[in-house]
Amino acid sequence: CLKNDGVNFRFLNQNDYELMLKWLSKPLVAEFYGGRDKEYTLDYIKSHYSEPRDDETFRLIIKYGDRAVGYGQIYKLYDELYEDYHYPKTGEIVYGMELFIGEPQSWNMGIGTEFIRQTLAWLKDHRSVDAVILAPHSNNLRAIRCFEKAGFRKTKDLPEHELHEGRYEDCVLMEYRYDER
């Protein structure tokens, strides 16, 4: 666990599945993560979030004080993901990141930005990462501002990148480079 200004994180465990179901069932959360058209069940959550991965994937619970408020995931890019993100494969160590704050009353408090900063520091210390990328929906202005505050920059538009609620959404590729710090 890392702590700073009341924000910290820990690894997801089986006791978090009901909380994940609660969050992903909220229309305000699902609008940008998962989709409001999905019917989540506890069995689906258990299966999806306990699925072993061959790549380096870390599933995290974001906490504010002692309260769980969101979910984050970081994963090492492999061949297919470089293609999906239209990101150059150069031999560098690159990770992808996703996150959401599942408690809307905790939005606009800087929790996401602080979580990202801590995660970036953890990746540098434990994985010798060169870059981290993410691809929010182009219309998710709150997320884009959060990522920019944490040091990400927009690198390219990804038209019709992600199937979400029955249609392909435009996304923007954002990158954090450690060698630019």
# chains A, B, ... in the order shown; residues from 1 in each chain; ligands from 1

call {"tool": "residues_around", "arguments": {"residues": "region 67-82 of chain A", "least_positions_apart": "3", "cutoff": "7 Å", "atoms": "only C-alpha atoms", "output": "PyMOL selection string"}}
result
chain A and resi 55-64+85-89+94-103

call {"tool": "select_by_dssp", "arguments": {"residues": "region 38-169 of chain A", "states": "strand (DSSP E or B)", "output": "PyMOL selection string"}}
result
chain A and resi 57-64+67-76+94-101+131-134+137+153-164+167-169

call {"tool": "closest_atom_pairs", "arguments": {"of": "region 24-100 of chain A", "to": "region 161-168 of chain A", "cutoff": "8 Å", "atoms": "only C-alpha atoms", "output": "CSV"}}
result
residue,atom,partner,partner_atom,distance
A:Gly34,CA,A:His164,CA,7.2
A:Gly35,CA,A:Glu165,CA,5.3
A:Arg36,CA,A:Glu165,CA,6.6
A:Asp37,CA,A:Glu165,CA,5.6
A:Lys38,CA,A:Glu165,CA,8.0

call {"tool": "select_by_dssp", "arguments": {"residues": "region 7-53 of chain A", "states": "alpha helix (DSSP H)", "output": "list of chain:residue names"}}
result
A:Tyr17, A:Glu18, A:Leu19, A:Met20, A:Leu21, A:Lys22, A:Trp23, A:Leu24, A:Pro27, A:Leu28, A:Val29, A:Ala30, A:Leu42, A:Asp43, A:Tyr44, A:Ile45, A:Lys46, A:Ser47, A:His48, A:Tyr49, A:Ser50

call {"tool": "closest_residue", "arguments": {"among": "A:Pro104, A:Val7, A:Gly151, A:Gln118", "to": "Lys26 (chain A)", "atoms": "only C-alpha atoms"}}
result
A:Pro104

call {"tool": "atom_distance", "arguments": {"atom1": "CA of Ile45 (chain A)", "atom2": "CA of Arg145 (chain A)"}}
result
28.8 Å

call {"tool": "residues_around", "arguments": {"residues": "Ser47 (chain A)", "least_positions_apart": "5", "cutoff": "12 Å", "atoms": "only C-alpha atoms", "output": "mmCIF file with N, CA, C and O atoms, in the first residue's frame"}}
result
data_model
loop_
_atom_site.group_PDB
_atom_site.id
_atom_site.type_symbol
_atom_site.label_atom_id
_atom_site.label_comp_id
_atom_site.auth_asym_id
_atom_site.auth_seq_id
_atom_site.Cartn_x
_atom_site.Cartn_y
_atom_site.Cartn_z
ATOM 1 N N GLN A 14 -10.750 -11.278 -3.527
ATOM 2 C CA GLN A 14 -12.092 -11.849 -3.708
ATOM 3 C C GLN A 14 -13.157 -11.167 -2.854
ATOM 4 O O GLN A 14 -14.341 -11.239 -3.182
ATOM 5 N N TYR A 17 -15.412 -8.329 -4.914
ATOM 6 C CA TYR A 17 -16.281 -8.594 -6.065
ATOM 7 C C TYR A 17 -17.654 -7.929 -5.939
ATOM 8 O O TYR A 17 -18.175 -7.381 -6.902
ATOM 9 N N LEU A 21 -19.258 -5.096 -8.423
ATOM 10 C CA LEU A 21 -20.603 -5.216 -9.004
ATOM 11 C C LEU A 21 -21.420 -3.957 -8.727
ATOM 12 O O LEU A 21 -22.071 -3.416 -9.623
ATOM 13 N N TYR A 40 -24.314 -6.700 -15.435
ATOM 14 C CA TYR A 40 -23.295 -7.377 -14.653
ATOM 15 C C TYR A 40 -23.933 -8.268 -13.603
ATOM 16 O O TYR A 40 -24.967 -7.930 -13.036
ATOM 17 N N THR A 41 -23.303 -9.412 -13.372
ATOM 18 C CA THR A 41 -23.712 -10.319 -12.300
ATOM 19 C C THR A 41 -22.491 -10.597 -11.434
ATOM 20 O O THR A 41 -21.347 -10.401 -11.875
ATOM 21 N N LEU A 42 -22.741 -11.070 -10.243
ATOM 22 C CA LEU A 42 -21.633 -11.401 -9.356
ATOM 23 C C LEU A 42 -20.783 -12.518 -9.970
ATOM 24 O O LEU A 42 -19.552 -12.479 -9.877
ATOM 25 N N PRO A 52 -6.864 -15.536 -14.452
ATOM 26 C CA PRO A 52 -5.402 -15.401 -14.500
ATOM 27 C C PRO A 52 -4.964 -14.871 -15.859
ATOM 28 O O PRO A 52 -5.591 -15.165 -16.865
#

call {"tool": "closest_residue", "arguments": {"among": "A:Glu92, A:Asp130, A:Asp157, A:Glu83", "to": "Glu180 (chain A)", "atoms": "only C-alpha atoms"}}
result
A:Asp130

call {"tool": "closest_residue", "arguments": {"among": "A:Ile93, A:Met20, A:Thr155, A:Glu148", "to": "Arg127 (chain A)", "atoms": "only C-alpha atoms"}}
result
A:Ile93

call {"tool": "decode", "arguments": {"residues": "region 106-134 of chain A", "atoms": "N, CA and C atoms", "output": "CSV table (one decimal), in the first residue's frame"}}
result
chain,number,residue,atom,x,y,z
A,106,SER,N,-17.1,11.0,-4.8
A,106,SER,CA,-15.7,11.1,-4.6
A,106,SER,C,-15.0,11.7,-5.9
A,107,TRP,N,-15.8,12.0,-6.9
A,107,TRP,CA,-15.3,12.6,-8.1
A,107,TRP,C,-14.9,14.1,-7.8
A,108,ASN,N,-14.0,14.6,-8.7
A,108,ASN,CA,-13.5,16.0,-8.6
A,108,ASN,C,-12.8,16.3,-7.3
A,109,MET,N,-12.2,15.3,-6.7
A,109,MET,CA,-11.5,15.6,-5.4
A,109,MET,C,-9.9,15.3,-5.6
A,110,GLY,N,-9.5,15.0,-6.8
A,110,GLY,CA,-8.1,14.7,-7.1
A,110,GLY,C,-7.7,13.3,-6.7
A,111,ILE,N,-8.6,12.4,-6.4
A,111,ILE,CA,-8.3,11.1,-6.0
A,111,ILE,C,-7.7,10.3,-7.2
A,112,GLY,N,-8.3,10.4,-8.4
A,112,GLY,CA,-7.8,9.7,-9.5
A,112,GLY,C,-6.4,10.2,-9.9
A,113,THR,N,-6.1,11.5,-9.9
A,113,THR,CA,-4.8,12.1,-10.2
A,113,THR,C,-3.8,11.6,-9.2
A,114,GLU,N,-4.1,11.6,-8.0
A,114,GLU,CA,-3.1,11.1,-7.0
A,114,GLU,C,-2.9,9.6,-7.1
A,115,PHE,N,-3.9,8.8,-7.4
A,115,PHE,CA,-3.7,7.4,-7.6
A,115,PHE,C,-2.8,7.2,-8.8
A,116,ILE,N,-3.0,7.9,-9.9
A,116,ILE,CA,-2.1,7.8,-11.1
A,116,ILE,C,-0.7,8.1,-10.7
A,117,ARG,N,-0.5,9.2,-10.0
A,117,ARG,CA,0.9,9.6,-9.6
A,117,ARG,C,1.6,8.4,-8.8
A,118,GLN,N,0.8,7.9,-7.9
A,118,GLN,CA,1.4,6.8,-7.1
A,118,GLN,C,1.7,5.6,-7.9
A,119,THR,N,0.8,5.3,-8.8
A,119,THR,CA,0.9,4.1,-9.7
A,119,THR,C,2.1,4.3,-10.6
A,120,LEU,N,2.3,5.5,-11.1
A,120,LEU,CA,3.5,5.7,-12.0
A,120,LEU,C,4.8,5.6,-11.2
A,121,ALA,N,4.8,6.0,-9.9
A,121,ALA,CA,6.0,5.9,-9.1
A,121,ALA,C,6.2,4.4,-8.8
A,122,TRP,N,5.2,3.6,-8.5
A,122,TRP,CA,5.3,2.2,-8.2
A,122,TRP,C,5.8,1.5,-9.4
A,123,LEU,N,5.3,1.8,-10.6
A,123,LEU,CA,5.8,1.1,-11.8
A,123,LEU,C,7.3,1.4,-12.1
A,124,LYS,N,7.7,2.7,-11.8
A,124,LYS,CA,9.1,3.0,-12.0
A,124,LYS,C,10.0,2.3,-11.1
A,125,ASP,N,9.6,2.2,-9.8
A,125,ASP,CA,10.4,1.5,-8.8
A,125,ASP,C,10.4,0.0,-8.9
A,126,HIS,N,9.3,-0.6,-9.4
A,126,HIS,CA,9.2,-2.1,-9.4
A,126,HIS,C,9.2,-2.7,-10.8
A,127,ARG,N,9.1,-2.0,-11.8
A,127,ARG,CA,9.0,-2.5,-13.2
A,127,ARG,C,9.9,-1.8,-14.2
A,128,SER,N,10.7,-0.9,-13.8
A,128,SER,CA,11.6,-0.1,-14.7
A,128,SER,C,10.9,0.2,-16.0
A,129,VAL,N,9.8,0.8,-15.9
A,129,VAL,CA,8.9,1.2,-17.1
A,129,VAL,C,9.5,2.4,-17.8
A,130,ASP,N,9.4,2.4,-19.1
A,130,ASP,CA,9.8,3.5,-20.0
A,130,ASP,C,8.6,4.5,-20.2
A,131,ALA,N,7.4,3.9,-20.4
A,131,ALA,CA,6.2,4.7,-20.7
A,131,ALA,C,4.9,4.0,-20.2
A,132,VAL,N,3.9,4.8,-20.0
A,132,VAL,CA,2.6,4.2,-19.7
A,132,VAL,C,1.6,4.9,-20.6
A,133,ILE,N,0.7,4.2,-21.2
A,133,ILE,CA,-0.3,4.7,-22.1
A,133,ILE,C,-1.7,4.4,-21.6
A,134,LEU,N,-2.7,5.2,-22.1
A,134,LEU,CA,-4.1,4.9,-21.8
A,134,LEU,C,-4.9,5.6,-22.9
